[in-house]
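What follows is a short report on a single structure.
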4 protein chains.
Amino acid sequence: MEPPDFTLTAGPTAASSRVLQALGSPVIFDYDPVFLERFRDTERKLAELMRTKNDVVLMQGEAVLGLEAAARALIRPGTRALNLVSGVYAAWFGDWLRDYGAEVIEHVVSYDEAIDPADVARLLDEHEGIEFVSIVHSETPSGIENPLGEIGRLAQSHGALMFADVVSALGGTDVRVDDWHVDLAVAGPQKCLAGPPGMSLISVSERAWQVMEDNPSAPRGSFLSLLDWKHKWIDGGRVAFPYTPSVSDVNGVNAAISEVLDTGGVDASIARHALAARATRAGVRAMGLELWPKSDDYAANCVTAVRCPEGIDVASTLGHIRERYGVMLSGGYGELKEKLFRLGHMGPAARSLNPLVAVGAFGRGLADLGADVNVGAGTEAVLAVLSEARAAEATAA
Amino acid sequence: MEPPDFTLTAGPTAASSRVLQALGSPVIFDYDPVFLERFRDTERKLAELMRTKNDVVLMQGEAVLGLEAAARALIRPGTRALNLVSGVYAAWFGDWLRDYGAEVIEHVVSYDEAIDPADVARLLDEHEGIEFVSIVHSETPSGIENPLGEIGRLAQSHGALMFADVVSALGGTDVRVDDWHVDLAVAGPQKCLAGPPGMSLISVSERAWQVMEDNPSAPRGSFLSLLDWKHKWIDGGRVAFPYTPSVSDVNGVNAAISEVLDTGGVDASIARHALAARATRAGVRAMGLELWPKSDDYAANCVTAVRCPEGIDVASTLGHIRERYGVMLSGGYGELKEKLFRLGHMGPAARSLNPLVAVGAFGRGLADLGADVNVGAGTEAVLAVLSEARAAEATAA
Amino acid sequence: MEPPDFTLTAGPTAASSRVLQALGSPVIFDYDPVFLERFRDTERKLAELMRTKNDVVLMQGEAVLGLEAAARALIRPGTRALNLVSGVYAAWFGDWLRDYGAEVIEHVVSYDEAIDPADVARLLDEHEGIEFVSIVHSETPSGIENPLGEIGRLAQSHGALMFADVVSALGGTDVRVDDWHVDLAVAGPQKCLAGPPGMSLISVSERAWQVMEDNPSAPRGSFLSLLDWKHKWIDGGRVAFPYTPSVSDVNGVNAAISEVLDTGGVDASIARHALAARATRAGVRAMGLELWPKSDDYAANCVTAVRCPEGIDVASTLGHIRERYGVMLSGGYGELKEKLFRLGHMGPAARSLNPLVAVGAFGRGLADLGADVNVGAGTEAVLAVLSEARAAEATAA
Amino acid sequence: MEPPDFTLTAGPTAASSRVLQALGSPVIFDYDPVFLERFRDTERKLAELMRTKNDVVLMQGEAVLGLEAAARALIRPGTRALNLVSGVYAAWFGDWLRDYGAEVIEHVVSYDEAIDPADVARLLDEHEGIEFVSIVHSETPSGIENPLGEIGRLAQSHGALMFADVVSALGGTDVRVDDWHVDLAVAGPQKCLAGPPGMSLISVSERAWQVMEDNPSAPRGSFLSLLDWKHKWIDGGRVAFPYTPSVSDVNGVNAAISEVLDTGGVDASIARHALAARATRAGVRAMGLELWPKSDDYAANCVTAVRCPEGIDVASTLGHIRERYGVMLSGGYGELKEKLFRLGHMGPAARSLNPLVAVGAFGRGLADLGADVNVGAGTEAVLAVLSEARAAEATAA
C-alpha cells in the first residue's frame, strides 16, 4: 500500500517541511555544547508558547508519559482531588488518580458537552479541602474544549493545585499558564504544534515542585520522574540530563515551536486553527451531518468530531476513504470509537485548503457507502467560510 | 510571505518525499563508482520509461537545453523540415529551426486544437524530401496533446526523422519511442515525473546519431553538444563524462523515475494523470467555466487549461488565490499569457484530492473577484469523477 | 558555536544518511496501514538482528526506560537475584532491583575487568534458589564486554531467568538471544545501530512474560508497562498500540536496522566494530597511553576507554578537542567521570578512517595540553591495523 | 558497493548538512513569489561573496556552461585576446577563444607554476590592442593559484576586458571582483562553496554587458545566452526568467552561500581553506612525497596536488583507497591525469580533521601499493599544523 497523500487525523498529524528537516538533521552527542544550548533554547521557546515564567520540562515520551509522571508526582495516598470529566481522557486520568491513592470527587458531564465553571465553583465550595483539580483542556477524542481559564482561577482561589492536560490545546487555542494559575500543564508536540510524536512538554509551578518534593511517593530515580529533571537538570544548572534525551525529537520539537513563533506567533497559530475548525464545521453541517459537540461554543480547534450516521461503520468508512482517496482521517477513541469521526486540522492541516480535502474526502466517502450526504454543499461551505475570513483579515490589515 | 501550501502549477510541480530525500542525499564525487553506477542506472530506467532501446542522454539543464541541443545537432542549413504547430512551444521551436538554417514548412493550427494526422500525411505527400518532422507531444502552455503515435509512423514511412518534445508528456501520457519511431525525444523531469527541474532526458536513435555525425554544424566541444556525450560517455564505455553532471539532480531524477516504476509502473502513472485531468475538467465545467481545448479528445493529461472569463485578470487572480488560499496555480504562457489559467496535475498533484484543491481554490478565487462560478457544483463534480473511477478500478481488481 | 564535524562519542553517535532521511520522512498517523506495517516490519527485523524467535517490544523512550520497565516487571518483593557488576550501569541496575524489593546477591569485580563465568557458576551453586541473573553485556561507561553467552547458559541450567542489558552490544558484538537463553534483553538504537536515541528495543521470552503476568507489582496501565504491550499490541493481533508510538523514531530505527541487514548483515556489522576497536586500541597504545580494560580479551567493540593520564583534566580536554578540532569525544560516566576518556566507534563512526580521526584528535588534544603523547605513532598504528585487516579480507574474498 | 565515507576530491565535494536540507526542501513553482524572492536573495548574497556591485547571473548548468556562455558572448571574430595558461583549463579556454574567432596570444607557463604578472605586463605592452585577457584564477586540475589581483589591474590599465575563471577560487581564496577590475567572473558552487554541482555563478560588469550587446555573435535566444538573462530577467525587473531555473539547485546554492556568510563570512571561509591546504601540504611533504606546485607561493587553497611517485599508477591507487578505506580522492585531469593525485579540501572537507583523513588515506594507500611513504610523519605533521594555527587563533582572539 502506498503512503497516505493527506494525514488529517487527530494526531500524530503531518509535520511541516521545516520540522521534517530538523528531524533529519545530524544526530549529535547530547552533551555537545551545541545540543545543550538547543535544549535550553527549546525550553525557553516552549515557555514563551505557554505564556509562563514557570520551569518547563521536556520529557522524552509521548504526552501519556508526561501525564502519568505528573499524576504520580503530585498525588499521594489521600490527596483530595476534583477530576472534571467531559471525555475519555479525563476519565482515564481519574483512574490513575484513584490508582495512586487519591480521594477523587469526579464531576462527569456528557461527552458531547463541556464542563461548566459554575459547577466547578459549586463543587469546590461543597467539598472542603480539595487540594487538586484536574481537567483536560481540549478533549481530542471528542473535540470538546473546556474553559480552562475560568476553572484555573477558581482552583487558585480555593487553594487547590490546578492540573491541565493541554496536549492538543497548545498552539491551537489559548493556553495561558501563568494568567490562569495552571500549576502543571502537559502538552504534546504532535498535535497543534505538528512536531514529532515523541515528547511531553510540561510546565511546573514552584508550588507544584513543592508538592512533589513533599510527596514520598513521587517517582525518583525513574524514567517517570519529574523530580529527577528538577534535581539533576534544573537545579544542577542545566548541564546534565537525568538520562539521554532524544536528540532528534528535541531537534524536531525545537523546529515546531520555532515555526509557530516565526510565522506570526502563537496568536496567529490559534487563529489558523480556529478558522480551520470553523470552516470544517460549516462544511460538515452543510453536508447534512451532525457535529458531536452540542454547541459550537465548546467545539475544539484541533479536531472536528462528527456523529457517525445511522447504518455507517466507522472503521470500514475510514479504510474506504484511505484506500480510495489517499486521505487518512480518524474515528473515535476508547468508548467513543464507533460513535464518531474526527477530521483533524492541526499544524499544516489547519492551513490552506486542507479542510476542503478533509470535508470532501469524508463526505464523498460516506456517500460512496450509501449515506445521504450533500457533498457539493459541504465543500462549498468550507470555501465560503475561508473566503469570508480571509477577506475580513485583508480588510483589517 | 510564507511558502505555498499547494503547488498545482504547470511545472515545476511539487516533488514527492522520495524525490526530496534523494535530492538531499549526500553529494558525492561524480567519478565515485557509486555515482557512475547510479548514473547508468538512471539511463536504463529512463529507457524503460520511454519504452526504447535507443541510447538515452541525461543532459544537465532544463528541457530547453535538450530541445536546443537537439535542434542544433540535427539541423544543418537547408534541412527540409516540417514543423507542426499547435501551441507556443512548437512555434518557438520553429524559430530555432529557421535560425539554424532549415527550410521550414510550418503547419499551424489554432492553439486550442490538436494536429490532425491527416494533414501531416497530406503535407508529407505534397512537400517532397522532408527530412525532419517536429512536434510538441503535449503543449504545456495550452494543455493540448497531439497524436504523436500516428505522426511518428507517418514520418517514418516518408523517411523523415521524427523529433518530439515530450517534456510534459513522459509519465503522464503514453510515450512509445520505439513503436512510434521517434528518433529524438526530449523529456523533462519536472513535469509528470515530478523530479527536480534541472535536466533534459533525451532518447536518440541510431539514425539521429548518424545525422548529427554528418552535420558539420552540430555542436561539438560545447555544453550544448549531444555528440560530446556520444563520443565521450557512450562510445567511451560510460566511464567519463564530457563535463561534471549535477550529482544532486541525477539523484533526484533517479528517484523520480524509480518511484514511477515502483508504484505500479508507467501505465499506472499515466492512468493517475488521465484521471486527475478528467476530474479537473469535470470540475471546471460544472462550475460553468470553459475549457481551453475545443475537445476533450486532445485535452492534455498534465495540465487543464481554462479560458479566462470576461472581466477577469489572470495575474491578479493567481496572486489572489496564492495569497488567500496558499495555492499556486498557473496562468498562460507566452502569447497566451492573459488568455487562460492552468491547473496542474502532475506527479503528486495528480494523486488523491489535489484536483479538488485546484478546482476549489480556482473557483473560489474567481468568485471572490466577481466571476459567476458555481463552486459547489465544481467541487462536487471533481469528487464524483474520482469516486466513480476508483469504484470501477476496485471492481476490475 | 558551530556544530561538531565529528561525533565519535559513547552515544548518541552520528547517524547515517539513510537514518537521517528516514527520520525526516513524512510523519503519518500511527494507525495508518502503512505505519502499522512499518512497525511490524521493524519488529521482525529487530528479532532477526537479535537472533530470536521471542516477542520483541519497541518501547518509546531511550534504553533507560526499557531497563526500568523490565526490572519493574520481572522483580517482585523477595525475588532472589544475582546481579553481576563490572561497571557503572550494572551497579545502578542493582539499586533498582533493591528498590523493587529483590534480595540481591551482588557480584562486583573491578570496573576495568569483566565478569568471570566461573564465578557465576560458583555463585549459582552457592546461593540456592536464584531466580534472576542480571548483567550488562557491554558496559559503555568503561568499555568492558562481559561473556553473556556462557553466563546465559549457566543461568538457564540453574533455572534462573536471564536478563541482559545489551544496549551498546547489539550490532557491535554478537548477541544471540535464543542460543544464549536470554529471557529479556534491552537494546538501544543510538549505539552500534546508529539510530535515533529515543527507543528501547526489547526481546521477551515466553517465560519472562509468564513471570510478569504472575507478578502483581509489574506495571500495568503505565508508560512503563511491558504487559500493556503484550496485552494490547501483541495479544490483540498487532493492530492497536497501548499509546501513540513515536512515528519518526520508529522510522529511524527501522532504517538503522535495515541498513545493518542490507550492508552485509549483522556479522559484517560486528566485524566493522571489532576492527574499529582494534585499530583504536592500537593507536592509543602506540601513543603511549594506557587502555582502561586490563585485557583486550574483554575490551568492548563499541567504545575504547583510555585511562586519563596524570595531570590531565577530562572535561577541559574534551572541551579543548571539541573547540579546536571540531571533534566530540566522551569522558567517563558516573563515578568514572574523571578517570577516563572514551573514543566511540559505533555505526558510521566504526567505518572508514573515523578511528584515525578519534585517535588523532585525542592524541593531539592531549599533547596540546602538555601530555606526553606520540601522535604520529598513534595515527600510524591505526592505519596499519586497518590496512592489514583489509588486506586479509581481500585475500579471503 | 557502498557509498564513500569521505569525499575529499577536487569537486564535486561533499555538501554540508544545511546545503543538503536546502536541496531536499520542497520544490515550488519558479514564479511563486517565495521563489522569486529567494532567487533575488541568492543574487544579492553572491554579489556580497564576490565583493562586487556588478550584476550577477545564476545560470543553470555547471561552470563549464558559464565559461562557454561568457566566451561566446564576449568574443567576436577578430577579438584580440591574451590567454594566460598555467594549466589544463586555461588551455581549453584558449581552444574556445580560437573556435569563436579570436586572435589569441597565448602565454603558457609550465603547469606546475603560476603566471608571473611581470610577463603579463610585458605582453600587454608588446601586443598592441589587446581587448580581452583571460585567466584561470585557481587551476583545479593542478592546484595552482594565479595572482588575479595584479593581473586584473594590469588588464584594466591597458583597457582590456578582464575575464576570470574563479570556479574553484570563490570561497577558498580572495576574489575581489570590483577592486581587481574583473569584468566577467565565473564561479562554481560545487567547489569551495560546497553547494550542488549544477550552476554557474557569474558576475558581469557594465562594460562586459556592452561588449556583448555590440557582439552580433553573442548567443541570443539560447540556453547559452547571458544576454537573455540581461534582457528578460535583469532589465525586466527580475520578474521573468528566460527559462525555468532549477528550483532545487537554487535552494542549494542559496544555502551554500548563506552558510559561508553566516559562519564567519568569506574571510573566515578563506582562512579555513588556507589552513587546510597548509596542513595537507605539510602532511604530504612529511611523508616524503613531492608537491606538484614548484612553490607554496602559488599552491591553491582548494586542492593539494601531489606528484605521482615512480612506479605508482594513479587510477588503481585511487580505486584501492576508495575500496579499502572508503575515502574518495582525485587524480589528475586531462593531460595531467596520470601525473598527479589531488587531495581536496573544500567546504566541509576543509574543516576539522578532514585533512588528516585525506593524508592518512593517501599515505597508507600508497604504502599498501609499495611506495616508500612515512605515514606516521605525515599524519603527525597535519595535526601539528592544525594545532599551531588553532593555538595562534585562540591567542589572537
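Every chain in the C-alpha cells takes a letter, A first, then B, and so on in the order presented; its residues are numbered from 1, and the ligands are numbered from 1 following the presented order.
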
Distance-based interface of chain A with chain B, 6 Å, counting only C-alpha atoms, as a PyMOL selection string
chain A and resi 325-326+352+375-377+380

Residues from last step as file, all heavy atoms, as a PDB file, in the first residue's frame:
ATOM      1  N   TYR A 325      -9.132   7.387  -1.614  1.00  0.00           N
ATOM      2  CA  TYR A 325      -8.756   8.793  -1.844  1.00  0.00           C
ATOM      3  C   TYR A 325      -7.411   9.183  -1.252  1.00  0.00           C
ATOM      4  O   TYR A 325      -6.988  10.327  -1.389  1.00  0.00           O
ATOM      5  CB  TYR A 325      -9.874   9.705  -1.314  1.00  0.00           C
ATOM      6  CG  TYR A 325     -11.209   9.373  -1.932  1.00  0.00           C
ATOM      7  CD1 TYR A 325     -12.255   8.859  -1.185  1.00  0.00           C
ATOM      8  CD2 TYR A 325     -11.394   9.517  -3.319  1.00  0.00           C
ATOM      9  CE1 TYR A 325     -13.460   8.504  -1.768  1.00  0.00           C
ATOM     10  CE2 TYR A 325     -12.601   9.163  -3.911  1.00  0.00           C
ATOM     11  CZ  TYR A 325     -13.628   8.663  -3.137  1.00  0.00           C
ATOM     12  OH  TYR A 325     -14.800   8.303  -3.733  1.00  0.00           O
ATOM     13  N   GLY A 326      -6.737   8.223  -0.593  1.00  0.00           N
ATOM     14  CA  GLY A 326      -5.417   8.538  -0.042  1.00  0.00           C
ATOM     15  C   GLY A 326      -5.463   9.512   1.117  1.00  0.00           C
ATOM     16  O   GLY A 326      -4.472  10.163   1.423  1.00  0.00           O
ATOM     17  N   SER A 352      -4.426  26.537   4.643  1.00  0.00           N
ATOM     18  CA  SER A 352      -4.851  26.465   3.243  1.00  0.00           C
ATOM     19  C   SER A 352      -6.142  25.664   3.082  1.00  0.00           C
ATOM     20  O   SER A 352      -7.059  25.797   3.908  1.00  0.00           O
ATOM     21  CB  SER A 352      -3.711  25.851   2.418  1.00  0.00           C
ATOM     22  OG  SER A 352      -3.983  25.877   1.044  1.00  0.00           O
ATOM     23  N   VAL A 375     -22.469  16.464  -0.786  1.00  0.00           N
ATOM     24  CA  VAL A 375     -21.033  16.737  -0.876  1.00  0.00           C
ATOM     25  C   VAL A 375     -20.753  18.146  -1.398  1.00  0.00           C
ATOM     26  O   VAL A 375     -19.903  18.872  -0.865  1.00  0.00           O
ATOM     27  CB  VAL A 375     -20.343  15.692  -1.782  1.00  0.00           C
ATOM     28  CG1 VAL A 375     -18.862  15.997  -1.903  1.00  0.00           C
ATOM     29  CG2 VAL A 375     -20.544  14.282  -1.237  1.00  0.00           C
ATOM     30  N   GLY A 376     -21.461  18.537  -2.427  1.00  0.00           N
ATOM     31  CA  GLY A 376     -21.214  19.854  -3.025  1.00  0.00           C
ATOM     32  C   GLY A 376     -21.497  20.983  -2.057  1.00  0.00           C
ATOM     33  O   GLY A 376     -20.741  21.949  -1.979  1.00  0.00           O
ATOM     34  N   ALA A 377     -22.589  20.851  -1.312  1.00  0.00           N
ATOM     35  CA  ALA A 377     -22.904  21.906  -0.345  1.00  0.00           C
ATOM     36  C   ALA A 377     -21.820  21.997   0.713  1.00  0.00           C
ATOM     37  O   ALA A 377     -21.444  23.091   1.172  1.00  0.00           O
ATOM     38  CB  ALA A 377     -24.250  21.608   0.311  1.00  0.00           C
ATOM     39  N   GLU A 380     -18.583  23.525  -0.745  1.00  0.00           N
ATOM     40  CA  GLU A 380     -18.851  24.948  -0.998  1.00  0.00           C
ATOM     41  C   GLU A 380     -18.807  25.747   0.302  1.00  0.00           C
ATOM     42  O   GLU A 380     -18.246  26.850   0.372  1.00  0.00           O
ATOM     43  CB  GLU A 380     -20.209  25.094  -1.664  1.00  0.00           C
ATOM     44  CG  GLU A 380     -20.520  26.521  -2.082  1.00  0.00           C
ATOM     45  CD  GLU A 380     -21.695  26.589  -3.068  1.00  0.00           C
ATOM     46  OE1 GLU A 380     -22.485  25.617  -3.116  1.00  0.00           O
ATOM     47  OE2 GLU A 380     -21.780  27.589  -3.798  1.00  0.00           O
TER      48      GLU A 380
END

Got a sec: who's within 12 Å of Ile257 of chain D, counting only C-alpha atoms, leaving out chain neighbours fewer than 4 positions off, as a VMD selection string?
chain D and resid 15 to 16 18 to 19 22 41 to 50 170 to 171 187 to 196 201 250 to 253 261 to 266 269 347

Go ahead and write the selection's residues with N, CA, C and O atoms as a compact mmCIF listing (two decimals), in the first residue's frame.
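The resulting file, part_32.txt, is reproduced below:
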# COMPACT_ATOMS: atom_id res chain seq x y z
N ALA D 15 28.75 18.11 0.39
CA ALA D 15 27.98 19.28 0.81
C ALA D 15 27.67 19.18 2.30
O ALA D 15 27.62 18.09 2.87
N SER D 16 27.46 20.32 2.90
CA SER D 16 27.12 20.34 4.32
C SER D 16 25.69 19.89 4.55
O SER D 16 24.88 19.85 3.61
N ARG D 18 23.41 21.57 5.99
CA ARG D 18 22.49 22.67 5.66
C ARG D 18 22.19 22.72 4.16
O ARG D 18 21.04 22.95 3.75
N VAL D 19 23.21 22.51 3.36
CA VAL D 19 23.00 22.52 1.91
C VAL D 19 22.12 21.34 1.50
O VAL D 19 21.20 21.49 0.69
N ALA D 22 18.57 22.05 2.23
CA ALA D 22 18.00 23.01 1.26
C ALA D 22 17.70 22.30 -0.06
O ALA D 22 16.67 22.54 -0.68
N ASP D 41 17.48 36.96 -3.61
CA ASP D 41 18.31 36.91 -2.41
C ASP D 41 19.63 36.20 -2.71
O ASP D 41 20.70 36.60 -2.23
N THR D 42 19.55 35.15 -3.50
CA THR D 42 20.77 34.41 -3.87
C THR D 42 21.70 35.32 -4.66
O THR D 42 22.92 35.32 -4.45
N GLU D 43 21.13 36.09 -5.56
CA GLU D 43 21.94 37.03 -6.33
C GLU D 43 22.64 38.04 -5.42
O GLU D 43 23.82 38.33 -5.57
N ARG D 44 21.88 38.61 -4.49
CA ARG D 44 22.47 39.62 -3.61
C ARG D 44 23.61 39.02 -2.77
O ARG D 44 24.65 39.64 -2.60
N LYS D 45 23.38 37.82 -2.28
CA LYS D 45 24.40 37.20 -1.43
C LYS D 45 25.63 36.80 -2.25
O LYS D 45 26.76 36.87 -1.77
N LEU D 46 25.38 36.37 -3.46
CA LEU D 46 26.51 36.03 -4.33
C LEU D 46 27.37 37.28 -4.60
O LEU D 46 28.60 37.22 -4.55
N ALA D 47 26.71 38.40 -4.86
CA ALA D 47 27.44 39.64 -5.11
C ALA D 47 28.28 40.00 -3.88
O ALA D 47 29.43 40.45 -4.00
N GLU D 48 27.71 39.78 -2.72
CA GLU D 48 28.47 40.07 -1.49
C GLU D 48 29.71 39.18 -1.41
O GLU D 48 30.81 39.65 -1.09
N LEU D 49 29.53 37.94 -1.75
CA LEU D 49 30.64 36.98 -1.71
C LEU D 49 31.71 37.36 -2.71
O LEU D 49 32.91 37.18 -2.47
N MET D 50 31.28 37.85 -3.86
CA MET D 50 32.22 38.22 -4.91
C MET D 50 32.75 39.64 -4.73
O MET D 50 33.55 40.09 -5.53
N LEU D 170 36.40 30.94 -5.60
CA LEU D 170 35.43 31.66 -4.77
C LEU D 170 35.12 30.90 -3.47
O LEU D 170 34.71 29.74 -3.50
N GLY D 171 35.32 31.59 -2.38
CA GLY D 171 35.07 30.99 -1.07
C GLY D 171 36.31 30.35 -0.47
O GLY D 171 36.38 30.11 0.73
N ALA D 187 32.09 31.55 -11.35
CA ALA D 187 32.38 30.69 -10.21
C ALA D 187 31.49 29.46 -10.24
O ALA D 187 30.47 29.43 -10.95
N GLY D 188 31.89 28.45 -9.48
CA GLY D 188 31.09 27.21 -9.40
C GLY D 188 30.69 26.97 -7.96
O GLY D 188 31.48 27.21 -7.05
N PRO D 189 29.48 26.48 -7.75
CA PRO D 189 29.05 26.25 -6.37
C PRO D 189 29.59 24.95 -5.77
O PRO D 189 29.53 24.78 -4.56
N GLN D 190 30.08 24.04 -6.60
CA GLN D 190 30.40 22.70 -6.09
C GLN D 190 31.86 22.58 -5.65
O GLN D 190 32.34 21.48 -5.44
N LYS D 191 32.54 23.71 -5.57
CA LYS D 191 33.94 23.66 -5.14
C LYS D 191 34.01 24.19 -3.70
O LYS D 191 33.47 23.58 -2.80
N CYS D 192 34.64 25.34 -3.47
CA CYS D 192 34.84 25.79 -2.09
C CYS D 192 33.53 26.17 -1.40
O CYS D 192 33.48 26.21 -0.16
N LEU D 193 32.48 26.43 -2.16
CA LEU D 193 31.20 26.76 -1.54
C LEU D 193 30.46 25.49 -1.11
O LEU D 193 29.52 25.56 -0.31
N ALA D 194 30.88 24.37 -1.67
CA ALA D 194 30.29 23.08 -1.28
C ALA D 194 28.78 23.04 -1.50
O ALA D 194 28.03 22.50 -0.69
N GLY D 195 28.36 23.62 -2.59
CA GLY D 195 26.96 23.55 -2.97
C GLY D 195 26.76 22.45 -4.01
O GLY D 195 27.66 21.65 -4.26
N PRO D 196 25.59 22.43 -4.62
CA PRO D 196 25.32 21.40 -5.61
C PRO D 196 26.03 21.72 -6.93
O PRO D 196 26.22 22.91 -7.26
N LEU D 201 27.88 30.64 -11.55
CA LEU D 201 27.66 31.88 -10.81
C LEU D 201 28.54 32.96 -11.44
O LEU D 201 29.76 32.87 -11.39
N VAL D 250 18.93 26.14 -7.00
CA VAL D 250 18.98 27.49 -6.44
C VAL D 250 18.83 27.42 -4.92
O VAL D 250 19.55 28.11 -4.18
N ASN D 251 17.94 26.58 -4.45
CA ASN D 251 17.81 26.40 -3.00
C ASN D 251 19.15 25.98 -2.39
O ASN D 251 19.56 26.49 -1.34
N GLY D 252 19.81 25.05 -3.06
CA GLY D 252 21.09 24.56 -2.55
C GLY D 252 22.17 25.62 -2.58
O GLY D 252 22.96 25.77 -1.64
N VAL D 253 22.23 26.36 -3.68
CA VAL D 253 23.26 27.40 -3.80
C VAL D 253 23.00 28.50 -2.77
O VAL D 253 23.93 29.01 -2.14
N LEU D 261 28.39 33.00 4.58
CA LEU D 261 28.20 34.33 5.16
C LEU D 261 27.86 34.26 6.66
O LEU D 261 28.24 35.14 7.42
N ASP D 262 27.16 33.21 7.04
CA ASP D 262 26.71 33.09 8.44
C ASP D 262 27.75 32.49 9.38
O ASP D 262 27.57 32.51 10.60
N THR D 263 28.76 31.86 8.83
CA THR D 263 29.74 31.23 9.73
C THR D 263 31.08 31.96 9.61
O THR D 263 32.10 31.38 9.24
N GLY D 264 31.03 33.21 9.95
CA GLY D 264 32.26 34.00 9.98
C GLY D 264 32.52 34.81 8.74
O GLY D 264 33.44 35.62 8.71
N GLY D 265 31.73 34.57 7.70
CA GLY D 265 31.89 35.36 6.49
C GLY D 265 32.95 34.79 5.57
O GLY D 265 33.58 33.77 5.86
N VAL D 266 33.15 35.49 4.47
CA VAL D 266 34.03 34.97 3.43
C VAL D 266 35.49 34.92 3.89
O VAL D 266 36.23 34.00 3.53
N SER D 269 35.99 31.81 5.76
CA SER D 269 35.97 30.68 4.84
C SER D 269 37.33 30.54 4.15
O SER D 269 37.88 29.44 4.03
N GLY D 347 35.06 23.33 1.25
CA GLY D 347 33.81 23.27 2.01
C GLY D 347 34.01 22.47 3.28
O GLY D 347 34.98 22.67 4.00

Counting only C-alpha atoms, which of D:Thr9, D:Ser222, D:Ser134, D:His127 gets nearest to Tyr100 of chain B?
D:Ser222

Just the residues within 8 Å of Gly344 of chain C, please, counting only C-alpha atoms, with nothing from its chain fewer than 6 positions along; format it as a ChimeraX atom specification.
/C:8-11,13,302-304,329-330,350,358

For those residues, write C-alpha atoms to a file as a CSV table (one decimal), in the first residue's frame.
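File produced: selection_9.csv:
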chain,number,residue,atom,x,y,z
C,8,LEU,CA,32.8,10.0,17.9
C,9,THR,CA,31.3,9.6,21.3
C,10,ALA,CA,29.9,6.9,23.6
C,11,GLY,CA,26.5,7.7,22.1
C,13,THR,CA,26.5,8.6,17.9
C,302,CYS,CA,31.6,0.0,21.0
C,303,VAL,CA,34.0,2.4,22.7
C,304,THR,CA,37.6,2.4,23.7
C,329,LEU,CA,34.7,12.5,22.2
C,330,SER,CA,33.4,11.3,25.5
C,350,ALA,CA,33.2,2.4,13.1
C,358,ALA,CA,39.3,9.9,17.0

DSSP on the backbone: which residues in segment 115-286 of chain A end up as strand (DSSP E)? Give the answer as a PyMOL selection string.
chain A and resi 132-136+138-139+144-145+161-165+184-187+199-204

If we count only C-alpha atoms and set the cut-off at 12 Å, which residues sit around Ser157 of chain D, ignoring sequence neighbours fewer than 2 positions away in its own chain? Please answer as a PyMOL selection string.
chain D and resi 120-121+124-125+130-131+133+150-155+159-162+180-182
